[in-house]
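Okay, so here's the structure we're looking at.
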Amino acid sequence: MSIPYLRAAGTSLVLDARGTGVPVIVHWGADLGDLTDAMLTTLADASVPSIAPSSIDVPLRLTLLPTLAQGWSGRPGISGFRPGRGGSAIDLRLVGVRSGERPTGRFALPGTQTLTLLLADAAAQISVRTDLEISVQGVLRLRHTVTNTSTTAGDAAFELGSLDVILPVPGRAGELLDFTGLWTHERRPQRSTLGHGVWSRESRHGRPGHDDSYLMVAGTPGFGFRSGEVWCTHLAWSGDKRAWAENSPLGFSVLGSGELLAPGELGVAAGASYSTPWTVAVYSDAGLDGLSARLHPWIRSWSTIRTPRPVVLNTWEAVYFEHDLPTLARLADAGAQTGVERFVLDDGWFTGRRDDRRALGDWFVDPVTWPSGLHPLIEHVHAAGLDFGLWVEPEMVSLDSEVARAHPEWVLGGVPEPSATETPALTWRFQRVLDLSHPEAFAWVFARLTALLTEYPIAYLKWDHNRDLLAGSAHRQTAALYSLIDAVRATHPGIEIESCASGGARIDLGILERVDRVWTSDTNDPLERQQIQRYTGVLVPPEYLGGHLGAATAHTTGRTSELSFRLATALFGAAGIEWNLVSASAEELGQITEWITHYKRLRPLLHSGVVVRADPSDPALVLHGVVSRDQDSALFAQVALAAPRDAVPERMRFPGLAPERRYRVTPLLLGGSPRTIQDTPPAWHAALGGLTAASTTVADAASGGGAVTLTGAVLALVGLPAPLLAPEQAALFAVDAVD
Ligand code: DGJ
């Protein structure tokens with residue numbers, strides 16, 4: 001136990017917990033195999049580095065909570081002070097090691113190994129408990145809990161500056177990948193070389209933000225979806241946070257992550273504790289797909305979402321604020337005819353909400369538009385065979401609302417008297433934030449939500465969050481948000497929740513624990529969506545990722561896309577529609593109906609299989625797919641994002657199939673044929689009637705008549721000639737084992 005060794009599924013973690021110092025991280029990465037205690041001791045001894053010139057007089061080793069007192073001059077693992085006691089360095093000592101404690105709640109997963117380290121600094125009067133877990137999929141979770149151990153009555157709180165999880169990566173992991181983005185353009189990858197210093201990504205949005213770093217990945221140079229060693233961290237937290245990579249001239253590279261605390265935001269009173277969010281850390285020797293191959297099954301092992309995920313029809317881009325019963329009833333009918341299963345009434349249903357300038361917080365059904373409440377609409381929706389969902393934005397308040405007028409003290413940051421000369425706090429989308437840490441505000445919004453859920457048969461809430469907090473209280477607000485969702489779920493256990501934050505500004509594992517779907521982005525433009533879904537999906541499994549078929553001309557970009565491209569893009573997630581179907585042509589409605597039929601047939605595969613992404617050398621091309629866990633079947637998409645580099649594109653290589661098994665490959669046409677720029681398709685397409693054949697029917701897809709049959713190894717290593725797709729086109733291929 002003095003050299004704890006956690007290992008699972010090709011990953012291992014070795015600590016040196018001998019003596020009373022903070023345990024040293026000897027290794028995090030590839031599995032080291034069976035090691036006896038003697039070998040572990042040898043490994044720990046042999047890992048002690050040399051003493052650097054002009055440095056401390058003992059070897060510097062990276063511990064789980066590095067601080068100045070250990071000679072660590074990089075970002076510390078913990079910082080804080082007690083007012084009036086000066087700035088002495090925190091110097092923790094190991095006082096206990098425990099293993100085998102059972103994780104709690106949904107994380108009490110079979111096979112999870114746990115380790116708890118107990119540390120204390122008697123002079124600073126704090127203790128720290130560090131929890132480590134490794135799941136059977138090789139996913140590590142780590143967090144620290146600091147306790148103020150002072151017993152002196154009236155003693156000042158310990159003002160916590162930072163408490164972070166810091167993990168080492170080897171020097172060869174010299175390339176970084178993290179993410180940035182904008183509204184409707186989330187999860188833009190950015191790569192950099194890790195030089196000396198800190199590459200730090202910080203969110204002060206009160207939510208992760210559209211530019212959320214999301215994952216901090218360090219890898220061997222050139223790592224891709226299918227290749228390279230990668231080490232990755234993610235903070236399971238929906239408020240302010242920071243994630244960084246640091247490389248010091250002393251030969252250490254680390255990944256760090258933790259909650260970003262505002263000065264004075266977190267005073268830990270005598271006897272009280274603060275736990276960091278969990279850092280989720282994953283290693284893979286098979287590129288980014290290797291990360292997903294651990295993360296998706298792990299998330300699925302604790303996920304409580306119900307399958308199959310219903311096809312959603314959301315009213316937002318269909319009608320915006322133009323709500324009336326006949327219009328919405330016609331929309332629901334059109335959706336029902338195509339096979340939609342859930343109707344979601346978006347923003348605009350509550351008192352006086354005719355635009356985005358007012359009424360947030362007044363969670364009463366608008367009596368003018370809905371004199372009999374929402375009952376007639378819900379009855380209509382139910383009669384059409386759909387269930388009903390409702391949009392809410394519980395954390396927000398409009399100043400032009402009854403609730404803000406009655407309770408200005410519930411508005412985060414306050415509302416000045418009209419006569420006051422002071423500058424009012426900034427609005428954002430004309431709205432302010434409801435201070436959920438105010439007990440009465442919390443109680444009131446909880447009461448309104450539960451009243452709606454009690455009065456109406458609501459299956460689903462779309463829970464939106466459309467502004468940054470811009471206040472130094474993100475910790476309280478985020479903790480209160482979690483409590484609010486947990487309380488709503490406790491009183492209405494059947495409710496499903498979709499998390500939305502102006503699209504994808506709050507997608508993290510903290511919120512994912514509490515919801516059934518995330519709204520991946522406010523853009524329904526398939527070209528933008530291809531990239532957003534591809535990278536959001538490294539962490540989040542596809543069954544959570546809401547993706548909607550929008551109108552031909554995307555509302556957010558003005559770009560026009562063909563139906564086949566829009567359908568192929570929205571297929572690979574939790575699919576839905578956000579388009580005024582009443583204006584769709586009969587041909588389009590027929591194609592949408594066929595798409596939904598295929599989606600329903602394919603969703604067991606798409607929502608449980610292994611996500612794979614190839615690395616075509618032409619950056620204009622993307623190939624992605626989902627392979628069933630038993631490797632019996634798969635669905636792939638070859639996508640042209642832009643004009644091709646080569647007149648004869650490189651072969652499509654299909655990863656993830658069983659090498660020895662034989663597979664039938666069949667083009668699947670949805671919404672018409674994708675446009676190609678070639679006169680003659682590849683021979684193997686021509687043999688099947690090419691990509692210009694009439695739409696493949698469900699029966700054709702199931703029988704796969706006349707398809708090409710090759711082994712998984714051939715399909716992965718040699719591949720098949722690709723169609724020369726015109727820009728912004730996607731070709732789908734169903735792959736089914738025949739042996
Ligand atoms: C932002 C969301 O992301 C949209 O989907 C929509 O729900 C609007 N808010 C409604 O105001």
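Following the order of the structure tokens, first chain is A, next is B, and so on, with residues numbered from 1 inside each chain and ligands from 1 in the order they appear.
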Restrict the calculation to only C-alpha atoms and all ligand atoms, then for each residue of chain A with any atom at most 8 Å from an atom of ligand 1 give the closest atom pair and their distance in Å to one decimal, rows by chain and rising residue number, as CSV.
residue,atom,partner,partner_atom_place_in_ligand_line,distance
A:Trp316,CA,ligand 1,6 (C),5.8
A:Glu317,CA,ligand 1,5 (O),7.9
A:Tyr320,CA,ligand 1,10 (C),7.7
A:Asp346,CA,ligand 1,7 (O),5.7
A:Asp347,CA,ligand 1,10 (C),4.7
A:Gly348,CA,ligand 1,11 (O),7.7
A:Asp356,CA,ligand 1,11 (O),6.7
A:Trp391,CA,ligand 1,7 (O),6.8
A:Lys462,CA,ligand 1,7 (O),7.6
A:Asp464,CA,ligand 1,2 (C),6.3
A:His465,CA,ligand 1,1 (C),7.5
A:Asn466,CA,ligand 1,1 (C),6.2
A:Cys500,CA,ligand 1,3 (O),5.8
A:Ala501,CA,ligand 1,3 (O),5.8
A:Ser502,CA,ligand 1,3 (O),3.7
A:Gly503,CA,ligand 1,3 (O),4.0
A:Gly504,CA,ligand 1,3 (O),7.7
A:Trp519,CA,ligand 1,3 (O),7.1
A:Ser521,CA,ligand 1,3 (O),6.9
A:Asp522,CA,ligand 1,3 (O),5.0
Per residue of segment 281-369 of chain A within 12 Å of segment 617-637 of chain A, record the nearest atom pair and its distance in Å to one decimal, counting only C-alpha atoms, with rows in chain order and ascending residue number, as a Markdown table.
| residue | atom | partner | partner_atom | distance |
| --- | --- | --- | --- | --- |
| A:Asp289 | CA | A:His624 | CA | 10.5 |
| A:Ser292 | CA | A:Val626 | CA | 11.6 |
| A:Ala293 | CA | A:Arg629 | CA | 10.7 |
| A:His296 | CA | A:Arg629 | CA | 11.8 |
| A:Pro297 | CA | A:Arg629 | CA | 10.2 |
- Run DSSP on the backbone of this structure and report the residues of segment 473-685 of chain A it assigns to helix (DSSP H, G or I), as an MDAnalysis selection string. chainID A and resid 474:491 509:512 526:539 542:544 563:570 581:583 586:606 683:685
- Task: Rounded to one decimal place, report the atom CA of Ser483 of chain A-atom CA of Trp349 of chain A distance in Å.
- Result: 25.4 Å
- Might you pull out every residue within 10 Å of segment 45-49 of chain A, with only C-alpha atoms counted and same-chain residues fewer than 4 positions away left off, and present them as a list in words?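 These residues fall inside the cut-off: Asp16, Val24, Ile25, Val26, His27, Met39, Leu40, Thr41, Val58, Pro59, Leu60, Arg61 and Gly251 of chain A.
Of the listed residues A:Ser275, A:Asn247, A:Thr536, A:Thr680, the one whose atoms come nearest to Arg143 of chain A is A:Ser275, with distances taken using only C-alpha atoms.
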Contacts of Trp278 of chain A at 9 Å or less, counting only C-alpha atoms, minus same-chain residues fewer than 5 places along, as a PDB file with N, CA, C and O atoms, in the first residue's frame?
ATOM      1  N   ARG A 141     -10.842   9.207 -11.822  1.00  0.00           N
ATOM      2  CA  ARG A 141     -11.483  10.406 -11.265  1.00  0.00           C
ATOM      3  C   ARG A 141     -10.700  10.790 -10.014  1.00  0.00           C
ATOM      4  O   ARG A 141     -10.363   9.927  -9.196  1.00  0.00           O
ATOM      5  N   LEU A 142     -10.442  12.083  -9.870  1.00  0.00           N
ATOM      6  CA  LEU A 142      -9.700  12.561  -8.706  1.00  0.00           C
ATOM      7  C   LEU A 142     -10.349  13.835  -8.183  1.00  0.00           C
ATOM      8  O   LEU A 142     -10.806  14.676  -8.973  1.00  0.00           O
ATOM      9  N   ARG A 143     -10.365  13.975  -6.871  1.00  0.00           N
ATOM     10  CA  ARG A 143     -10.791  15.248  -6.284  1.00  0.00           C
ATOM     11  C   ARG A 143     -10.160  15.404  -4.905  1.00  0.00           C
ATOM     12  O   ARG A 143      -9.739  14.418  -4.278  1.00  0.00           O
ATOM     13  N   HIS A 144     -10.099  16.646  -4.471  1.00  0.00           N
ATOM     14  CA  HIS A 144      -9.583  16.950  -3.144  1.00  0.00           C
ATOM     15  C   HIS A 144     -10.706  17.565  -2.306  1.00  0.00           C
ATOM     16  O   HIS A 144     -11.570  18.272  -2.839  1.00  0.00           O
ATOM     17  N   VAL A 165      -6.403  19.588  -9.238  1.00  0.00           N
ATOM     18  CA  VAL A 165      -5.814  18.275  -9.517  1.00  0.00           C
ATOM     19  C   VAL A 165      -4.724  18.476 -10.567  1.00  0.00           C
ATOM     20  O   VAL A 165      -4.967  19.085 -11.613  1.00  0.00           O
ATOM     21  N   HIS A 234     -10.532  16.500 -17.968  1.00  0.00           N
ATOM     22  CA  HIS A 234     -11.778  17.261 -18.093  1.00  0.00           C
ATOM     23  C   HIS A 234     -12.294  17.506 -16.684  1.00  0.00           C
ATOM     24  O   HIS A 234     -12.273  16.604 -15.844  1.00  0.00           O
ATOM     25  N   LEU A 235     -12.774  18.719 -16.419  1.00  0.00           N
ATOM     26  CA  LEU A 235     -13.315  19.021 -15.100  1.00  0.00           C
ATOM     27  C   LEU A 235     -14.829  18.912 -15.139  1.00  0.00           C
ATOM     28  O   LEU A 235     -15.486  19.596 -15.928  1.00  0.00           O
ATOM     29  N   ALA A 236     -15.364  18.056 -14.279  1.00  0.00           N
ATOM     30  CA  ALA A 236     -16.815  17.824 -14.256  1.00  0.00           C
ATOM     31  C   ALA A 236     -17.487  18.937 -13.456  1.00  0.00           C
ATOM     32  O   ALA A 236     -17.923  18.742 -12.317  1.00  0.00           O
ATOM     33  N   TRP A 237     -17.581  20.104 -14.048  1.00  0.00           N
ATOM     34  CA  TRP A 237     -18.096  21.275 -13.331  1.00  0.00           C
ATOM     35  C   TRP A 237     -18.689  22.256 -14.333  1.00  0.00           C
ATOM     36  O   TRP A 237     -18.123  22.473 -15.408  1.00  0.00           O
ATOM     37  N   GLY A 258      -9.203  22.705 -12.193  1.00  0.00           N
ATOM     38  CA  GLY A 258      -9.922  22.940 -10.953  1.00  0.00           C
ATOM     39  C   GLY A 258     -10.910  24.068 -11.130  1.00  0.00           C
ATOM     40  O   GLY A 258     -10.957  24.733 -12.170  1.00  0.00           O
ATOM     41  N   GLY A 510     -20.357  17.550 -15.174  1.00  0.00           N
ATOM     42  CA  GLY A 510     -21.163  17.919 -14.006  1.00  0.00           C
ATOM     43  C   GLY A 510     -22.629  17.982 -14.373  1.00  0.00           C
ATOM     44  O   GLY A 510     -23.498  17.438 -13.677  1.00  0.00           O
TER      45      GLY A 510
END
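Shortest atom-to-atom contact with Ala505 of chain A among A:Gly77, A:Gly195, A:Pro208, A:Pro83: A:Pro208, counting only C-alpha atoms.
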Which residues come within 7 Å of Leu291 of chain A, counting only C-alpha atoms, excluding same-chain residues fewer than 5 positions away, as a PDB file with N, CA, C and O atoms, in the first residue's frame?
ATOM      1  N   VAL A 282      -8.008  10.633 -18.557  1.00  0.00           N
ATOM      2  CA  VAL A 282      -8.017   9.435 -19.398  1.00  0.00           C
ATOM      3  C   VAL A 282      -6.745   9.392 -20.231  1.00  0.00           C
ATOM      4  O   VAL A 282      -6.318  10.412 -20.780  1.00  0.00           O
ATOM      5  N   TYR A 283      -6.205   8.204 -20.329  1.00  0.00           N
ATOM      6  CA  TYR A 283      -5.030   7.959 -21.176  1.00  0.00           C
ATOM      7  C   TYR A 283      -5.428   7.016 -22.306  1.00  0.00           C
ATOM      8  O   TYR A 283      -6.269   6.129 -22.125  1.00  0.00           O
ATOM      9  N   SER A 284      -4.829   7.228 -23.471  1.00  0.00           N
ATOM     10  CA  SER A 284      -5.070   6.290 -24.574  1.00  0.00           C
ATOM     11  C   SER A 284      -3.818   6.195 -25.434  1.00  0.00           C
ATOM     12  O   SER A 284      -3.113   7.191 -25.618  1.00  0.00           O
TER      13      SER A 284
END
- Task: List every residue of segment 526-591 of chain A that DSSP, applied to the backbone, labels as strand (DSSP E), and write the result as a ChimeraX atom specification.
- Result: /A:545-550,574-578
Preceding selection exported with N, CA, C and O atoms as a compact mmCIF listing (two decimals), in the first residue's frame:
# COMPACT_ATOMS: atom_id res chain seq x y z
N LEU A 545 -26.37 13.88 -27.56
CA LEU A 545 -26.08 15.07 -28.36
C LEU A 545 -27.24 15.43 -29.28
O LEU A 545 -27.38 14.86 -30.37
N GLY A 546 -28.04 16.38 -28.83
CA GLY A 546 -29.17 16.82 -29.64
C GLY A 546 -28.70 17.37 -30.98
O GLY A 546 -27.79 18.22 -31.03
N GLY A 547 -29.30 16.87 -32.06
CA GLY A 547 -28.97 17.36 -33.40
C GLY A 547 -30.26 17.44 -34.20
O GLY A 547 -31.01 16.45 -34.26
N HIS A 548 -30.55 18.61 -34.77
CA HIS A 548 -31.86 18.80 -35.41
C HIS A 548 -31.72 19.05 -36.91
O HIS A 548 -30.81 19.76 -37.35
N LEU A 549 -32.68 18.52 -37.61
CA LEU A 549 -32.86 18.86 -39.02
C LEU A 549 -33.48 20.26 -39.07
O LEU A 549 -34.57 20.47 -38.55
N GLY A 550 -32.75 21.19 -39.68
CA GLY A 550 -33.26 22.55 -39.79
C GLY A 550 -33.76 22.84 -41.20
O GLY A 550 -33.75 21.97 -42.08
N ALA A 574 -28.84 12.48 -30.91
CA ALA A 574 -30.23 12.37 -30.46
C ALA A 574 -31.02 13.24 -31.43
O ALA A 574 -31.04 14.46 -31.31
N ALA A 575 -31.64 12.61 -32.41
CA ALA A 575 -32.12 13.35 -33.58
C ALA A 575 -33.44 14.05 -33.32
O ALA A 575 -34.25 13.61 -32.48
N GLY A 576 -33.62 15.13 -34.05
CA GLY A 576 -34.87 15.86 -33.97
C GLY A 576 -35.02 16.77 -35.17
O GLY A 576 -34.22 16.74 -36.11
N ILE A 577 -36.07 17.58 -35.11
CA ILE A 577 -36.40 18.50 -36.20
C ILE A 577 -36.66 19.87 -35.60
O ILE A 577 -37.29 19.99 -34.54
N GLU A 578 -36.17 20.90 -36.27
CA GLU A 578 -36.44 22.26 -35.83
C GLU A 578 -36.69 23.09 -37.09
O GLU A 578 -35.85 23.87 -37.52
Would you list the contacts of segment 170-173 of chain A as a short mmCIF file (atom, residue, chain, number, x, y, z; two decimals) with N, CA, C and O atoms, in the first residue's frame, taking every protein, DNA or RNA residue within 7 Å and counting only C-alpha atoms, but skipping same-chain residues closer than 4 positions in sequence?
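In the end it all went to out03.cif:
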data_model
loop_
_atom_site.label_atom_id
_atom_site.label_comp_id
_atom_site.auth_asym_id
_atom_site.auth_seq_id
_atom_site.Cartn_x
_atom_site.Cartn_y
_atom_site.Cartn_z
N ALA A 218 -2.88 16.34 -24.02
CA ALA A 218 -1.47 16.39 -24.39
C ALA A 218 -1.14 15.07 -25.05
O ALA A 218 -1.55 14.01 -24.57
N GLY A 219 -0.42 15.13 -26.15
CA GLY A 219 -0.14 13.87 -26.85
C GLY A 219 1.17 13.90 -27.58
O GLY A 219 1.84 14.94 -27.68
N THR A 220 1.53 12.73 -28.09
CA THR A 220 2.73 12.65 -28.90
C THR A 220 2.49 13.42 -30.19
O THR A 220 1.36 13.40 -30.73
N PRO A 221 3.48 14.14 -30.69
CA PRO A 221 3.25 15.04 -31.82
C PRO A 221 2.55 14.34 -32.99
O PRO A 221 2.89 13.22 -33.36
N SER A 253 6.20 18.07 -17.13
CA SER A 253 5.02 18.53 -17.87
C SER A 253 3.81 18.04 -17.09
O SER A 253 3.77 16.88 -16.67
#
- Message: Using Å and a single decimal, report how far atom CA of Tyr663 of chain A sits from atom CA of Leu539 of chain A.
- Response: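 Those two atoms sit 28.4 Å apart.
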- Task: Can you pull out every residue within 10 Å of segment 478-480 of chain A, counting only C-alpha atoms, but drop anything in the same chain fewer than 5 positions away, and send it as a ChimeraX atom specification?
- Result: /A:206-207,237-240,395,435-439,442,473,485-486,510-511
Taking all heavy atoms for each residue, export the selection above as a compact mmCIF listing (two decimals), in the first residue's frame.
# COMPACT_ATOMS: atom_id res chain seq x y z
N GLY A 206 -19.37 31.84 -15.57
CA GLY A 206 -20.42 31.28 -14.71
C GLY A 206 -21.05 30.06 -15.34
O GLY A 206 -22.00 29.47 -14.82
N ARG A 207 -20.54 29.67 -16.45
CA ARG A 207 -20.85 28.44 -17.18
C ARG A 207 -19.60 28.18 -18.01
O ARG A 207 -18.78 29.10 -18.19
CB ARG A 207 -22.10 28.63 -18.07
CG ARG A 207 -21.98 29.79 -19.06
CD ARG A 207 -23.24 29.99 -19.91
NE ARG A 207 -23.04 31.06 -20.88
CZ ARG A 207 -23.92 31.38 -21.83
NH1 ARG A 207 -25.07 30.72 -21.92
NH2 ARG A 207 -23.67 32.34 -22.68
N TRP A 237 -17.58 20.10 -14.05
CA TRP A 237 -18.10 21.27 -13.33
C TRP A 237 -18.69 22.26 -14.33
O TRP A 237 -18.12 22.47 -15.41
CB TRP A 237 -16.96 21.94 -12.55
CG TRP A 237 -17.38 23.10 -11.71
CD1 TRP A 237 -16.99 24.39 -11.87
CD2 TRP A 237 -18.24 23.09 -10.56
NE1 TRP A 237 -17.54 25.19 -10.90
CE2 TRP A 237 -18.32 24.42 -10.08
CE3 TRP A 237 -18.95 22.09 -9.90
CZ2 TRP A 237 -19.10 24.76 -8.97
CZ3 TRP A 237 -19.71 22.43 -8.79
CH2 TRP A 237 -19.78 23.75 -8.33
N SER A 238 -19.81 22.87 -13.96
CA SER A 238 -20.54 23.73 -14.90
C SER A 238 -20.38 25.21 -14.61
O SER A 238 -21.10 26.03 -15.18
CB SER A 238 -22.03 23.37 -14.84
OG SER A 238 -22.21 21.98 -14.94
N GLY A 239 -19.47 25.56 -13.70
CA GLY A 239 -19.26 26.97 -13.39
C GLY A 239 -17.89 27.44 -13.86
O GLY A 239 -17.36 26.94 -14.85
N ASP A 240 -17.32 28.40 -13.14
CA ASP A 240 -16.00 28.91 -13.52
C ASP A 240 -14.96 27.82 -13.29
O ASP A 240 -15.01 27.08 -12.31
CB ASP A 240 -15.66 30.14 -12.68
CG ASP A 240 -16.50 31.35 -13.08
OD1 ASP A 240 -17.27 31.24 -14.06
OD2 ASP A 240 -16.38 32.40 -12.42
N GLU A 395 -32.85 29.77 -14.23
CA GLU A 395 -31.82 30.55 -13.53
C GLU A 395 -31.84 32.03 -13.90
O GLU A 395 -30.98 32.77 -13.47
CB GLU A 395 -30.44 29.98 -13.86
CG GLU A 395 -30.27 28.53 -13.47
CD GLU A 395 -29.32 27.80 -14.39
OE1 GLU A 395 -28.11 27.94 -14.22
OE2 GLU A 395 -29.79 27.09 -15.30
N ASP A 435 -30.71 35.01 -8.39
CA ASP A 435 -29.73 34.54 -7.41
C ASP A 435 -30.26 33.28 -6.71
O ASP A 435 -30.99 33.34 -5.74
CB ASP A 435 -29.47 35.66 -6.38
CG ASP A 435 -28.38 35.27 -5.39
OD1 ASP A 435 -27.91 34.11 -5.45
OD2 ASP A 435 -28.02 36.12 -4.56
N LEU A 436 -29.85 32.15 -7.23
CA LEU A 436 -30.38 30.87 -6.70
C LEU A 436 -29.86 30.57 -5.30
O LEU A 436 -30.39 29.69 -4.62
CB LEU A 436 -30.01 29.72 -7.63
CG LEU A 436 -30.76 29.62 -8.96
CD1 LEU A 436 -30.28 28.39 -9.72
CD2 LEU A 436 -32.27 29.54 -8.74
N SER A 437 -28.81 31.30 -4.88
CA SER A 437 -28.34 31.05 -3.52
C SER A 437 -29.21 31.80 -2.50
O SER A 437 -29.05 31.63 -1.30
CB SER A 437 -26.88 31.47 -3.38
OG SER A 437 -26.75 32.87 -3.51
N HIS A 438 -30.12 32.62 -3.00
CA HIS A 438 -31.09 33.27 -2.13
C HIS A 438 -32.19 32.24 -1.85
O HIS A 438 -32.90 31.82 -2.78
CB HIS A 438 -31.66 34.50 -2.84
CG HIS A 438 -32.41 35.41 -1.94
ND1 HIS A 438 -33.53 35.02 -1.25
CD2 HIS A 438 -32.20 36.71 -1.60
CE1 HIS A 438 -33.97 36.03 -0.52
NE2 HIS A 438 -33.18 37.06 -0.72
N PRO A 439 -32.36 31.81 -0.60
CA PRO A 439 -33.27 30.68 -0.34
C PRO A 439 -34.69 30.91 -0.86
O PRO A 439 -35.33 29.99 -1.37
CB PRO A 439 -33.27 30.55 1.19
CG PRO A 439 -32.04 31.25 1.64
CD PRO A 439 -31.70 32.29 0.61
N PHE A 442 -34.76 30.54 -4.66
CA PHE A 442 -34.66 29.11 -4.98
C PHE A 442 -36.01 28.44 -4.74
O PHE A 442 -36.52 27.69 -5.59
CB PHE A 442 -33.58 28.47 -4.10
CG PHE A 442 -33.33 27.01 -4.38
CD1 PHE A 442 -32.27 26.63 -5.17
CD2 PHE A 442 -34.17 26.02 -3.85
CE1 PHE A 442 -32.02 25.29 -5.43
CE2 PHE A 442 -33.94 24.68 -4.12
CZ PHE A 442 -32.86 24.32 -4.91
N SER A 473 -19.72 35.03 -8.02
CA SER A 473 -20.37 34.05 -7.16
C SER A 473 -20.76 32.81 -7.95
O SER A 473 -21.79 32.20 -7.69
CB SER A 473 -21.61 34.67 -6.51
OG SER A 473 -22.42 35.25 -7.51
N ILE A 485 -31.82 21.24 -9.89
CA ILE A 485 -32.13 20.13 -10.81
C ILE A 485 -32.38 18.86 -10.00
O ILE A 485 -33.34 18.12 -10.26
CB ILE A 485 -30.99 19.90 -11.83
CG1 ILE A 485 -30.79 21.13 -12.70
CG2 ILE A 485 -31.29 18.68 -12.69
CD1 ILE A 485 -29.65 21.01 -13.71
N ASP A 486 -31.51 18.62 -9.02
CA ASP A 486 -31.66 17.40 -8.21
C ASP A 486 -33.02 17.39 -7.50
O ASP A 486 -33.69 16.35 -7.42
CB ASP A 486 -30.53 17.27 -7.19
CG ASP A 486 -29.16 17.05 -7.86
OD1 ASP A 486 -29.14 16.77 -9.08
OD2 ASP A 486 -28.13 17.19 -7.17
N GLY A 510 -20.36 17.55 -15.17
CA GLY A 510 -21.16 17.92 -14.01
C GLY A 510 -22.63 17.98 -14.37
O GLY A 510 -23.50 17.44 -13.68
N ILE A 511 -22.92 18.64 -15.49
CA ILE A 511 -24.32 18.76 -15.90
C ILE A 511 -24.80 17.43 -16.48
O ILE A 511 -25.96 17.04 -16.33
CB ILE A 511 -24.50 19.93 -16.90
CG1 ILE A 511 -25.95 20.44 -16.89
CG2 ILE A 511 -24.13 19.58 -18.32
CD1 ILE A 511 -26.28 21.31 -15.75
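Using only C-alpha atoms, the smallest distance between any of A:Glu660, A:Glu455, A:Asp131, A:Glu322 and Val146 of chain A comes from A:Asp131.
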- Work out how far atom CA of Ala586 of chain A is from atom CA of Thr666 of chain A, in Å to one decimal.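 The value is 27.0 Å.
Of the listed residues A:Leu469, A:Val340, A:Leu163, A:Leu266, the one whose atoms come nearest to Ser79 of chain A is A:Leu163, with distances taken using only C-alpha atoms.
Taking only C-alpha atoms into account, Asp164 of chain A lies nearest to A:Pro66 out of the set A:Pro604, A:Gly712, A:Pro66, A:Pro644.
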- Query: Using only C-alpha atoms, which residue out of A:Pro682, A:Gly105, A:Pro376, A:Gly264 lies closest to Val648 of chain A?
  - Reply: A:Pro682
